Every structure is written in structure tokens, then in C-alpha cells.
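Enquirer: Pasting upload_24.txt below, which is compact mmCIF, N, CA and C atoms.
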```
# COMPACT_ATOMS: atom_id res chain seq x y z
N MET A 238 77.30 -6.76 167.88
CA MET A 238 76.24 -6.03 167.19
C MET A 238 74.89 -6.55 167.67
N HIS A 239 73.93 -5.68 167.76
CA HIS A 239 72.57 -6.01 168.20
C HIS A 239 71.86 -6.85 167.13
N PRO A 240 71.34 -8.02 167.49
CA PRO A 240 70.62 -8.84 166.51
C PRO A 240 69.36 -8.11 166.03
N THR A 241 69.21 -7.98 164.73
CA THR A 241 68.08 -7.24 164.17
C THR A 241 66.74 -7.89 164.47
N HIS A 242 66.73 -9.20 164.67
CA HIS A 242 65.45 -9.87 164.93
C HIS A 242 64.86 -9.47 166.28
N LEU A 243 65.68 -8.90 167.18
CA LEU A 243 65.16 -8.46 168.47
C LEU A 243 64.44 -7.13 168.39
N GLY A 244 64.78 -6.33 167.38
CA GLY A 244 64.15 -5.03 167.25
C GLY A 244 64.60 -4.07 168.35
N TRP A 245 63.81 -3.03 168.53
CA TRP A 245 64.13 -2.00 169.50
C TRP A 245 63.87 -2.51 170.91
N GLN A 246 64.85 -2.37 171.77
CA GLN A 246 64.74 -2.75 173.18
C GLN A 246 64.63 -1.46 173.99
N VAL A 247 63.48 -1.23 174.58
CA VAL A 247 63.17 0.02 175.26
C VAL A 247 64.18 0.36 176.35
N ASP A 248 64.67 -0.63 177.06
CA ASP A 248 65.57 -0.35 178.19
C ASP A 248 67.05 -0.35 177.80
N TRP A 249 67.35 -0.43 176.51
CA TRP A 249 68.73 -0.35 176.04
C TRP A 249 68.97 1.04 175.45
N PRO A 250 70.17 1.58 175.63
CA PRO A 250 70.48 2.88 175.02
C PRO A 250 70.43 2.80 173.49
N VAL A 251 70.06 3.90 172.88
CA VAL A 251 70.08 4.00 171.41
C VAL A 251 70.95 5.19 171.01
N PHE A 252 71.47 5.09 169.80
CA PHE A 252 72.38 6.09 169.27
C PHE A 252 71.93 6.50 167.89
N ILE A 253 72.27 7.72 167.54
CA ILE A 253 71.90 8.25 166.24
C ILE A 253 72.72 7.54 165.15
N LYS A 254 72.02 7.01 164.18
CA LYS A 254 72.66 6.35 163.05
C LYS A 254 72.70 7.31 161.86
N ILE A 255 71.57 7.97 161.60
CA ILE A 255 71.45 8.95 160.52
C ILE A 255 71.09 10.28 161.19
N PRO A 256 71.86 11.34 160.93
CA PRO A 256 71.55 12.62 161.57
C PRO A 256 70.08 12.99 161.42
N VAL A 257 69.52 13.54 162.51
CA VAL A 257 68.09 13.83 162.55
C VAL A 257 67.85 15.03 163.48
N SER A 258 66.75 15.72 163.26
CA SER A 258 66.31 16.78 164.17
C SER A 258 65.18 16.20 165.02
N ALA A 259 65.34 16.30 166.33
CA ALA A 259 64.31 15.80 167.23
C ALA A 259 64.39 16.55 168.55
N ASP A 260 63.25 16.85 169.12
CA ASP A 260 63.16 17.52 170.42
C ASP A 260 63.97 18.82 170.45
N GLY A 261 63.90 19.57 169.36
CA GLY A 261 64.56 20.86 169.30
C GLY A 261 66.08 20.81 169.20
N LYS A 262 66.61 19.69 168.78
CA LYS A 262 68.06 19.52 168.67
C LYS A 262 68.41 18.83 167.37
N ASN A 263 69.54 19.22 166.78
CA ASN A 263 70.07 18.52 165.62
C ASN A 263 71.05 17.46 166.13
N TRP A 264 70.69 16.21 165.95
CA TRP A 264 71.48 15.09 166.46
C TRP A 264 72.46 14.62 165.40
N LYS A 265 73.69 14.35 165.82
CA LYS A 265 74.74 13.88 164.91
C LYS A 265 74.90 12.37 165.04
N SER A 266 75.40 11.77 164.00
CA SER A 266 75.67 10.33 163.99
C SER A 266 76.58 9.96 165.15
N GLY A 267 76.22 8.90 165.87
CA GLY A 267 77.03 8.41 166.99
C GLY A 267 76.64 8.97 168.34
N GLU A 268 75.80 10.01 168.38
CA GLU A 268 75.38 10.60 169.65
C GLU A 268 74.42 9.68 170.38
N HIS A 269 74.52 9.67 171.71
CA HIS A 269 73.56 8.94 172.54
C HIS A 269 72.24 9.70 172.50
N PHE A 270 71.18 9.03 172.11
CA PHE A 270 69.84 9.63 172.02
C PHE A 270 69.12 9.34 173.33
N ASN A 271 69.23 10.28 174.27
CA ASN A 271 68.67 10.09 175.61
C ASN A 271 67.19 10.48 175.64
N TRP A 272 66.40 9.76 174.90
CA TRP A 272 64.98 10.05 174.70
C TRP A 272 64.18 9.99 175.99
N LEU A 273 64.49 9.06 176.86
CA LEU A 273 63.71 8.90 178.09
C LEU A 273 63.89 10.11 179.01
N GLU A 274 65.14 10.55 179.18
CA GLU A 274 65.41 11.72 180.02
C GLU A 274 64.77 12.98 179.45
N ARG A 275 64.61 13.03 178.13
CA ARG A 275 64.03 14.19 177.47
C ARG A 275 62.50 14.10 177.40
N GLY A 276 61.93 12.97 177.80
CA GLY A 276 60.48 12.81 177.79
C GLY A 276 59.88 12.67 176.40
N ILE A 277 60.67 12.13 175.47
CA ILE A 277 60.19 11.93 174.10
C ILE A 277 59.29 10.69 174.07
N ASP A 278 58.18 10.80 173.38
CA ASP A 278 57.20 9.73 173.31
C ASP A 278 57.80 8.44 172.75
N GLU A 279 57.50 7.35 173.40
CA GLU A 279 58.01 6.03 173.03
C GLU A 279 57.63 5.65 171.59
N ILE A 280 56.45 6.03 171.15
CA ILE A 280 55.99 5.72 169.78
C ILE A 280 56.89 6.42 168.77
N LYS A 281 57.26 7.67 169.04
CA LYS A 281 58.14 8.42 168.14
C LYS A 281 59.52 7.79 168.08
N VAL A 282 60.01 7.35 169.23
CA VAL A 282 61.33 6.71 169.28
C VAL A 282 61.30 5.39 168.51
N SER A 283 60.23 4.64 168.69
CA SER A 283 60.07 3.39 167.96
C SER A 283 60.09 3.63 166.46
N SER A 284 59.44 4.69 166.03
CA SER A 284 59.41 5.05 164.62
C SER A 284 60.82 5.39 164.11
N LEU A 285 61.59 6.11 164.92
CA LEU A 285 62.98 6.43 164.54
C LEU A 285 63.81 5.15 164.42
N TYR A 286 63.54 4.19 165.29
CA TYR A 286 64.29 2.93 165.24
C TYR A 286 63.93 2.14 163.97
N VAL A 287 62.66 2.02 163.72
CA VAL A 287 62.17 1.25 162.56
C VAL A 287 62.68 1.84 161.25
N THR A 288 62.81 3.16 161.20
CA THR A 288 63.26 3.83 159.98
C THR A 288 64.78 4.02 159.94
N ASN A 289 65.49 3.36 160.85
CA ASN A 289 66.96 3.32 160.89
C ASN A 289 67.65 4.65 161.22
N PHE A 290 66.95 5.57 161.85
CA PHE A 290 67.59 6.82 162.27
C PHE A 290 68.38 6.60 163.57
N ILE A 291 67.93 5.65 164.39
CA ILE A 291 68.63 5.30 165.63
C ILE A 291 68.86 3.79 165.66
N HIS A 292 69.82 3.37 166.46
CA HIS A 292 70.12 1.95 166.59
C HIS A 292 70.79 1.67 167.92
N HIS A 293 70.86 0.39 168.27
CA HIS A 293 71.61 -0.05 169.44
C HIS A 293 73.05 -0.29 168.99
N ASN A 294 74.00 0.02 169.87
CA ASN A 294 75.40 -0.17 169.51
C ASN A 294 76.22 -0.36 170.78
N LYS A 295 76.66 -1.59 171.03
CA LYS A 295 77.41 -1.92 172.25
C LYS A 295 78.72 -1.13 172.35
N GLU A 296 79.39 -0.94 171.21
CA GLU A 296 80.66 -0.20 171.23
C GLU A 296 80.43 1.25 171.69
N LEU A 297 79.36 1.87 171.19
CA LEU A 297 79.06 3.24 171.60
C LEU A 297 78.60 3.31 173.06
N GLU A 298 77.96 2.25 173.54
CA GLU A 298 77.59 2.20 174.97
C GLU A 298 78.84 2.30 175.83
N VAL A 299 79.87 1.51 175.49
CA VAL A 299 81.12 1.53 176.25
C VAL A 299 81.79 2.89 176.11
N GLN A 300 81.88 3.39 174.89
CA GLN A 300 82.53 4.67 174.62
C GLN A 300 81.85 5.82 175.36
N ASN A 301 80.51 5.82 175.39
CA ASN A 301 79.75 6.89 176.02
C ASN A 301 79.39 6.61 177.48
N LYS A 302 79.79 5.43 177.96
CA LYS A 302 79.52 5.01 179.34
C LYS A 302 78.04 5.13 179.69
N VAL A 303 77.19 4.50 178.86
CA VAL A 303 75.75 4.48 179.09
C VAL A 303 75.26 3.03 179.11
N GLY A 304 74.04 2.84 179.58
CA GLY A 304 73.49 1.49 179.69
C GLY A 304 73.92 0.86 181.00
N ASP A 305 73.70 -0.44 181.14
CA ASP A 305 74.05 -1.08 182.40
C ASP A 305 75.56 -1.32 182.53
N ARG A 306 76.28 -1.28 181.43
CA ARG A 306 77.74 -1.40 181.38
C ARG A 306 78.26 -2.73 181.95
N LEU A 307 77.39 -3.72 182.07
CA LEU A 307 77.82 -5.02 182.61
C LEU A 307 78.84 -5.70 181.71
N SER A 308 78.79 -5.41 180.42
CA SER A 308 79.75 -6.04 179.49
C SER A 308 81.18 -5.58 179.77
N GLU A 309 81.35 -4.47 180.47
CA GLU A 309 82.68 -3.96 180.80
C GLU A 309 83.30 -4.65 182.02
N LEU A 310 82.48 -5.38 182.76
CA LEU A 310 82.96 -6.01 184.00
C LEU A 310 83.55 -7.39 183.75
N ASN A 311 84.69 -7.67 184.36
CA ASN A 311 85.27 -9.01 184.29
C ASN A 311 84.69 -9.87 185.41
N SER A 312 85.13 -11.12 185.50
CA SER A 312 84.58 -12.06 186.48
C SER A 312 84.68 -11.55 187.90
N LYS A 313 85.84 -11.02 188.26
CA LYS A 313 86.04 -10.54 189.63
C LYS A 313 85.14 -9.34 189.92
N GLN A 314 85.03 -8.43 188.96
CA GLN A 314 84.18 -7.26 189.15
C GLN A 314 82.71 -7.65 189.24
N LEU A 315 82.28 -8.63 188.44
CA LEU A 315 80.90 -9.11 188.51
C LEU A 315 80.61 -9.70 189.89
N SER A 316 81.55 -10.48 190.39
CA SER A 316 81.40 -11.08 191.71
C SER A 316 81.32 -10.01 192.79
N THR A 317 82.17 -8.99 192.68
CA THR A 317 82.14 -7.88 193.63
C THR A 317 80.79 -7.17 193.59
N LEU A 318 80.29 -6.92 192.38
CA LEU A 318 79.01 -6.24 192.22
C LEU A 318 77.88 -7.05 192.85
N VAL A 319 77.85 -8.35 192.61
CA VAL A 319 76.80 -9.19 193.19
C VAL A 319 76.89 -9.16 194.71
N GLY A 320 78.11 -9.22 195.25
CA GLY A 320 78.29 -9.15 196.70
C GLY A 320 77.76 -7.84 197.27
N LEU A 321 78.04 -6.73 196.59
CA LEU A 321 77.56 -5.43 197.04
C LEU A 321 76.03 -5.33 196.95
N LEU A 322 75.47 -5.85 195.86
CA LEU A 322 74.01 -5.85 195.71
C LEU A 322 73.36 -6.69 196.81
N ASN A 323 73.93 -7.86 197.05
CA ASN A 323 73.36 -8.74 198.07
C ASN A 323 73.51 -8.18 199.47
N SER A 324 74.54 -7.37 199.69
CA SER A 324 74.68 -6.70 200.98
C SER A 324 73.51 -5.73 201.20
N GLU A 325 73.11 -5.04 200.13
CA GLU A 325 71.94 -4.14 200.20
C GLU A 325 70.68 -4.94 200.48
N VAL A 326 70.52 -6.09 199.81
CA VAL A 326 69.34 -6.93 200.02
C VAL A 326 69.32 -7.42 201.47
N LYS A 327 70.47 -7.83 201.98
CA LYS A 327 70.55 -8.34 203.36
C LYS A 327 70.11 -7.27 204.37
N ASP A 328 70.53 -6.03 204.10
CA ASP A 328 70.15 -4.93 204.99
C ASP A 328 68.66 -4.65 204.98
N ARG A 329 67.97 -5.06 203.92
CA ARG A 329 66.55 -4.75 203.76
C ARG A 329 65.63 -5.94 203.97
N THR A 330 66.20 -7.07 204.36
CA THR A 330 65.36 -8.25 204.60
C THR A 330 65.39 -8.61 206.09
N ALA A 331 64.31 -9.23 206.54
CA ALA A 331 64.16 -9.51 207.96
C ALA A 331 64.66 -10.90 208.37
N SER A 332 64.74 -11.81 207.42
CA SER A 332 65.14 -13.17 207.78
C SER A 332 66.07 -13.77 206.73
N LYS A 333 66.71 -14.86 207.11
CA LYS A 333 67.59 -15.55 206.17
C LYS A 333 66.79 -16.09 204.99
N ASN A 334 65.61 -16.62 205.25
CA ASN A 334 64.76 -17.16 204.17
C ASN A 334 64.35 -16.07 203.19
N GLU A 335 63.99 -14.88 203.71
CA GLU A 335 63.62 -13.77 202.84
C GLU A 335 64.82 -13.33 202.00
N PHE A 336 65.99 -13.27 202.62
CA PHE A 336 67.21 -12.91 201.90
C PHE A 336 67.49 -13.90 200.78
N GLU A 337 67.42 -15.18 201.09
CA GLU A 337 67.68 -16.23 200.09
C GLU A 337 66.72 -16.13 198.91
N ALA A 338 65.48 -15.75 199.18
CA ALA A 338 64.47 -15.64 198.11
C ALA A 338 64.70 -14.40 197.24
N LYS A 339 65.25 -13.33 197.82
CA LYS A 339 65.35 -12.06 197.11
C LYS A 339 66.73 -11.73 196.57
N LYS A 340 67.76 -12.43 197.00
CA LYS A 340 69.12 -12.06 196.61
C LYS A 340 69.38 -12.26 195.12
N CYS A 341 70.43 -11.63 194.65
CA CYS A 341 70.88 -11.81 193.28
C CYS A 341 71.66 -13.13 193.22
N LYS A 342 71.25 -14.01 192.36
CA LYS A 342 71.90 -15.32 192.22
C LYS A 342 73.30 -15.16 191.62
N MET A 343 74.15 -16.16 191.84
CA MET A 343 75.52 -16.10 191.35
C MET A 343 75.82 -17.22 190.35
N SER A 344 76.73 -16.92 189.42
CA SER A 344 77.21 -17.89 188.46
C SER A 344 78.67 -17.61 188.18
N LYS A 345 79.42 -18.66 187.86
CA LYS A 345 80.84 -18.50 187.50
C LYS A 345 81.00 -18.18 186.01
N ILE A 346 79.92 -18.30 185.26
CA ILE A 346 79.95 -18.01 183.82
C ILE A 346 79.55 -16.54 183.64
N ASP A 347 80.48 -15.73 183.10
CA ASP A 347 80.27 -14.29 183.01
C ASP A 347 78.98 -13.90 182.31
N GLY A 348 78.70 -14.48 181.15
CA GLY A 348 77.49 -14.15 180.41
C GLY A 348 76.23 -14.46 181.19
N LYS A 349 76.24 -15.60 181.87
CA LYS A 349 75.09 -15.99 182.69
C LYS A 349 74.96 -15.04 183.88
N GLN A 350 76.10 -14.64 184.48
CA GLN A 350 76.06 -13.73 185.61
C GLN A 350 75.45 -12.39 185.22
N ARG A 351 75.82 -11.91 184.05
CA ARG A 351 75.25 -10.64 183.57
C ARG A 351 73.73 -10.76 183.43
N GLY A 352 73.27 -11.89 182.91
CA GLY A 352 71.83 -12.15 182.78
C GLY A 352 71.15 -12.22 184.14
N LEU A 353 71.80 -12.85 185.11
CA LEU A 353 71.22 -12.95 186.45
C LEU A 353 71.12 -11.57 187.10
N ILE A 354 72.12 -10.73 186.88
CA ILE A 354 72.07 -9.37 187.43
C ILE A 354 70.94 -8.59 186.77
N ARG A 355 70.81 -8.70 185.45
CA ARG A 355 69.73 -7.99 184.75
C ARG A 355 68.35 -8.47 185.22
N ARG A 356 68.21 -9.76 185.42
CA ARG A 356 66.94 -10.30 185.91
C ARG A 356 66.65 -9.76 187.31
N PHE A 357 67.68 -9.74 188.14
CA PHE A 357 67.54 -9.21 189.50
C PHE A 357 67.10 -7.74 189.45
N LEU A 358 67.74 -6.94 188.60
CA LEU A 358 67.39 -5.52 188.49
C LEU A 358 65.97 -5.33 187.99
N ASN A 359 65.55 -6.13 187.01
CA ASN A 359 64.19 -6.02 186.49
C ASN A 359 63.14 -6.38 187.54
N GLY A 360 63.48 -7.26 188.45
CA GLY A 360 62.54 -7.67 189.49
C GLY A 360 62.61 -6.84 190.75
N ASN A 361 63.59 -5.94 190.83
CA ASN A 361 63.79 -5.14 192.04
C ASN A 361 64.10 -3.70 191.67
N VAL A 362 63.10 -2.98 191.20
CA VAL A 362 63.32 -1.61 190.73
C VAL A 362 63.82 -0.68 191.84
N TRP A 363 63.58 -1.04 193.09
CA TRP A 363 64.05 -0.21 194.20
C TRP A 363 65.56 -0.08 194.23
N VAL A 364 66.28 -1.01 193.61
CA VAL A 364 67.74 -1.03 193.70
C VAL A 364 68.43 -0.33 192.51
N THR A 365 67.65 0.18 191.57
CA THR A 365 68.23 0.74 190.34
C THR A 365 69.27 1.81 190.60
N GLU A 366 68.94 2.82 191.38
CA GLU A 366 69.90 3.91 191.64
C GLU A 366 71.12 3.39 192.40
N ILE A 367 70.87 2.51 193.34
CA ILE A 367 71.97 1.92 194.12
C ILE A 367 72.87 1.12 193.19
N PHE A 368 72.27 0.39 192.23
CA PHE A 368 73.03 -0.41 191.28
C PHE A 368 74.06 0.44 190.55
N TYR A 369 73.65 1.62 190.05
CA TYR A 369 74.57 2.46 189.29
C TYR A 369 75.77 2.87 190.14
N GLU A 370 75.54 3.19 191.39
CA GLU A 370 76.64 3.55 192.30
C GLU A 370 77.56 2.36 192.52
N LEU A 371 76.97 1.20 192.78
CA LEU A 371 77.76 -0.01 193.05
C LEU A 371 78.50 -0.48 191.80
N ARG A 372 77.85 -0.36 190.64
CA ARG A 372 78.49 -0.72 189.37
C ARG A 372 79.71 0.14 189.12
N ASP A 373 79.56 1.45 189.33
CA ASP A 373 80.70 2.36 189.13
C ASP A 373 81.82 2.04 190.12
N GLN A 374 81.44 1.66 191.32
CA GLN A 374 82.43 1.25 192.33
C GLN A 374 83.17 0.00 191.85
N ALA A 375 82.44 -0.98 191.33
CA ALA A 375 83.06 -2.21 190.82
C ALA A 375 83.96 -1.92 189.63
N LEU A 376 83.59 -0.90 188.82
CA LEU A 376 84.41 -0.51 187.68
C LEU A 376 85.62 0.33 188.09
N GLY A 377 85.67 0.71 189.36
CA GLY A 377 86.78 1.51 189.86
C GLY A 377 86.65 2.98 189.50
N GLU A 378 85.44 3.45 189.32
CA GLU A 378 85.22 4.86 188.95
C GLU A 378 84.69 5.65 190.11
```
Would you mind writing the structure in this file as C-alpha cells?

Expert:
Amino acid sequence: MHPTHLGWQVDWPVFIKIPVSADGKNWKSGEHFNWLERGIDEIKVSSLYVTNFIHHNKELEVQNKVGDRLSELNSKQLSTLVGLLNSEVKDRTASKNEFEAKKCKMSKIDGKQRGLIRRFLNGNVWVTEIFYELRDQALGE
């Protein structure tokens, strides 16, 4: 469950908790609220979160296959994903030193590895679309 002290996380998927009408649609409980794709104002979404109409829910992320889905990956799949990401970085860097500075770091601890991947993605927006393809490949989809 999402810790309430963190509040709304803009880059995490949100789901309808209490049915609501928004953006010309009647939303049902449990639906993925894809506000960003719909161009809904961030302030309005924040208001929906604060008033408990929407919430973060890891179980619904898995069920709806949304978000970064890193929690679905086991150790081997995480390692595969990092290898694939670093292969992309290697193709785009000119030297070994540049590659070493820009690559996604590795850890044998799954939770830490997920954090390292997220940090890498936040610092390298160019790889976002590629990440989704590689992640799905690592998931066997």
C-alpha cells in the first residue's frame, strides 16, 4: 500500500477510489485514471487525490499493467533489463569513460536495483520509450 505521508506522486499511476465524473467520462472504482494522456490539469488531479477520489494502488498497477511495472520483475529479469538498457547506453556513448558515467548501475538487491533503474530513467528521459519496450521484453510480453 502507498504510504499516505508521501501524498500524490505525479509520476505514479492513480486509480479511481470513489466514482467520479471527470473529463467527460463517468469513472468507476478501480479504473486507471490516465489523466496525463487526457491532458487533465495537474492541479485538478491533485485536488482529486487530496479529496480521496483517486489513489495509488500497487495491486491495480499490476492488474492493469500500468506504471513502470518494476515490482513484477524478479532478480534475473531485473538483471536482463539493466543489461538491455546499458546496451542502449553503450550504443550512444563515444568512450568507455562516458559509458561508465552514464550507465545504469547494478545491485544484487532487488529493491535497490529497482531504485537504481528509476533513478537512471529520471536522469535519462531519452530512454523512456525504449525502457517500456525493453521492460516488456524482460517480462516476456

Enquirer: Write out as a ChimeraX atom specification the set of residues from chain A that DSSP, computed on the backbone, places in strand (DSSP E).

Expert: /A:252-253,257-259,262-264,291-292

Enquirer: Using all atoms listed in the file, can you tell me which of A:Ile346, A:Ala338, A:Ala331, A:Leu322 comes closest to Ile367 of chain A?

Expert: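 Nearest candidate to Ile367 of chain A out of A:Ile346, A:Ala338, A:Ala331, A:Leu322: A:Leu322.
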
Enquirer: Would you mind telling me which residue in A:Asp260, A:Glu279, A:Glu309, A:Glu296 lies nearest to Leu376 of chain A when using only N, CA and C atoms?

Expert: A:Glu309

Enquirer: Could you check the closest approach to His293 of chain A for each of A:Gly360, A:Gly244, A:Lys349, A:Ile354 and tell me which residue wins, using only C-alpha atoms?

Expert: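 Using only C-alpha atoms, the shortest distance to His293 of chain A belongs to A:Gly244.
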
Enquirer: Would you mind listing what lies within 5 Å of Val251 of chain A as a list in words, with only N, CA and C atoms counted and same-chain residues fewer than 4 positions away left out?

Expert: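 The contact residues come out as His269, Phe270, His292 and His293 of chain A.
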
Enquirer: Please save N, CA and C atoms of the selected residues as a PDB file, in the frame of the given file.

Expert:
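The resulting file, result.pdb, is shown below:
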```
ATOM      1  N   HIS A 269      74.520   9.670 171.710  1.00  0.00           N
ATOM      2  CA  HIS A 269      73.560   8.940 172.540  1.00  0.00           C
ATOM      3  C   HIS A 269      72.240   9.700 172.500  1.00  0.00           C
ATOM      4  N   PHE A 270      71.180   9.030 172.110  1.00  0.00           N
ATOM      5  CA  PHE A 270      69.840   9.630 172.020  1.00  0.00           C
ATOM      6  C   PHE A 270      69.120   9.340 173.330  1.00  0.00           C
ATOM      7  N   HIS A 292      69.820   3.370 166.460  1.00  0.00           N
ATOM      8  CA  HIS A 292      70.120   1.950 166.590  1.00  0.00           C
ATOM      9  C   HIS A 292      70.790   1.670 167.920  1.00  0.00           C
ATOM     10  N   HIS A 293      70.860   0.390 168.270  1.00  0.00           N
ATOM     11  CA  HIS A 293      71.610  -0.050 169.440  1.00  0.00           C
ATOM     12  C   HIS A 293      73.050  -0.290 168.990  1.00  0.00           C
TER      13      HIS A 293
END
```

Enquirer: Which one of A:Gln300, A:Asn294, A:Ser324, A:Asn289 sits closest to Pro256 of chain A if you count all atoms listed in the file?

Expert: A:Asn289

Enquirer: Rounded to one decimal in Å, what is the spacing between atom CA of Lys313 of chain A and atom CA of Phe252 of chain A?

Expert: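 Straight-line distance from atom CA of Lys313 of chain A to atom CA of Phe252 of chain A works out to 29.6 Å.
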
Enquirer: Just give me the gap between atom CA of Val362 of chain A and atom CA of Ile291 of chain A in Å, one decimal is fine.

Expert: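 Interatomic distance here is 26.6 Å.
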
Enquirer: Expressed in Å to a single decimal, how great is the separation between atom CA of Asp373 of chain A and atom C of Ile253 of chain A?

Expert: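 Value for the atom CA of Asp373 of chain A-atom C of Ile253 of chain A distance: 25.8 Å.
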
Enquirer: Write out as a list of chain:residue names all residues of segment 256-319 of chain A that DSSP puts in alpha helix (DSSP H) for this structure's backbone.

Expert: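 Secondary structure check on segment 256-319 of chain A, alpha helix (DSSP H): A:Trp272, A:Leu273, A:Glu274, A:Arg275, A:Glu279, A:Ile280, A:Lys281, A:Val282, A:Ser283, A:Ser284, A:Leu285, A:Tyr286, A:Val287, A:Lys295, A:Glu296, A:Leu297, A:Glu298, A:Val299, A:Gln300, A:Asn301, A:Ser312, A:Lys313, A:Gln314, A:Leu315, A:Ser316, A:Thr317, A:Leu318, A:Val319.
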
Enquirer: Using only N, CA and C atoms, find the one residue out of A:Lys345, A:Leu307, A:Lys254, A:Gln350 that sits nearest to Ser266 of chain A.

Expert: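 Closest to Ser266 of chain A, using only N, CA and C atoms: A:Lys254.
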
Enquirer: Please determine the residues with any atom at most 10 Å from (64.9, 8.9, 161.0) (coordinates as given in the file, with only C-alpha atoms counting) and report them as a list in words.

Expert: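 Output of the proximity query reads Ile253, Lys254, Ile255, Pro256, Val257, Ser258, Ala259, Lys281, Val282, Ser284, Leu285, Tyr286, Val287, Thr288, Asn289, Phe290 and Ile291 of chain A.
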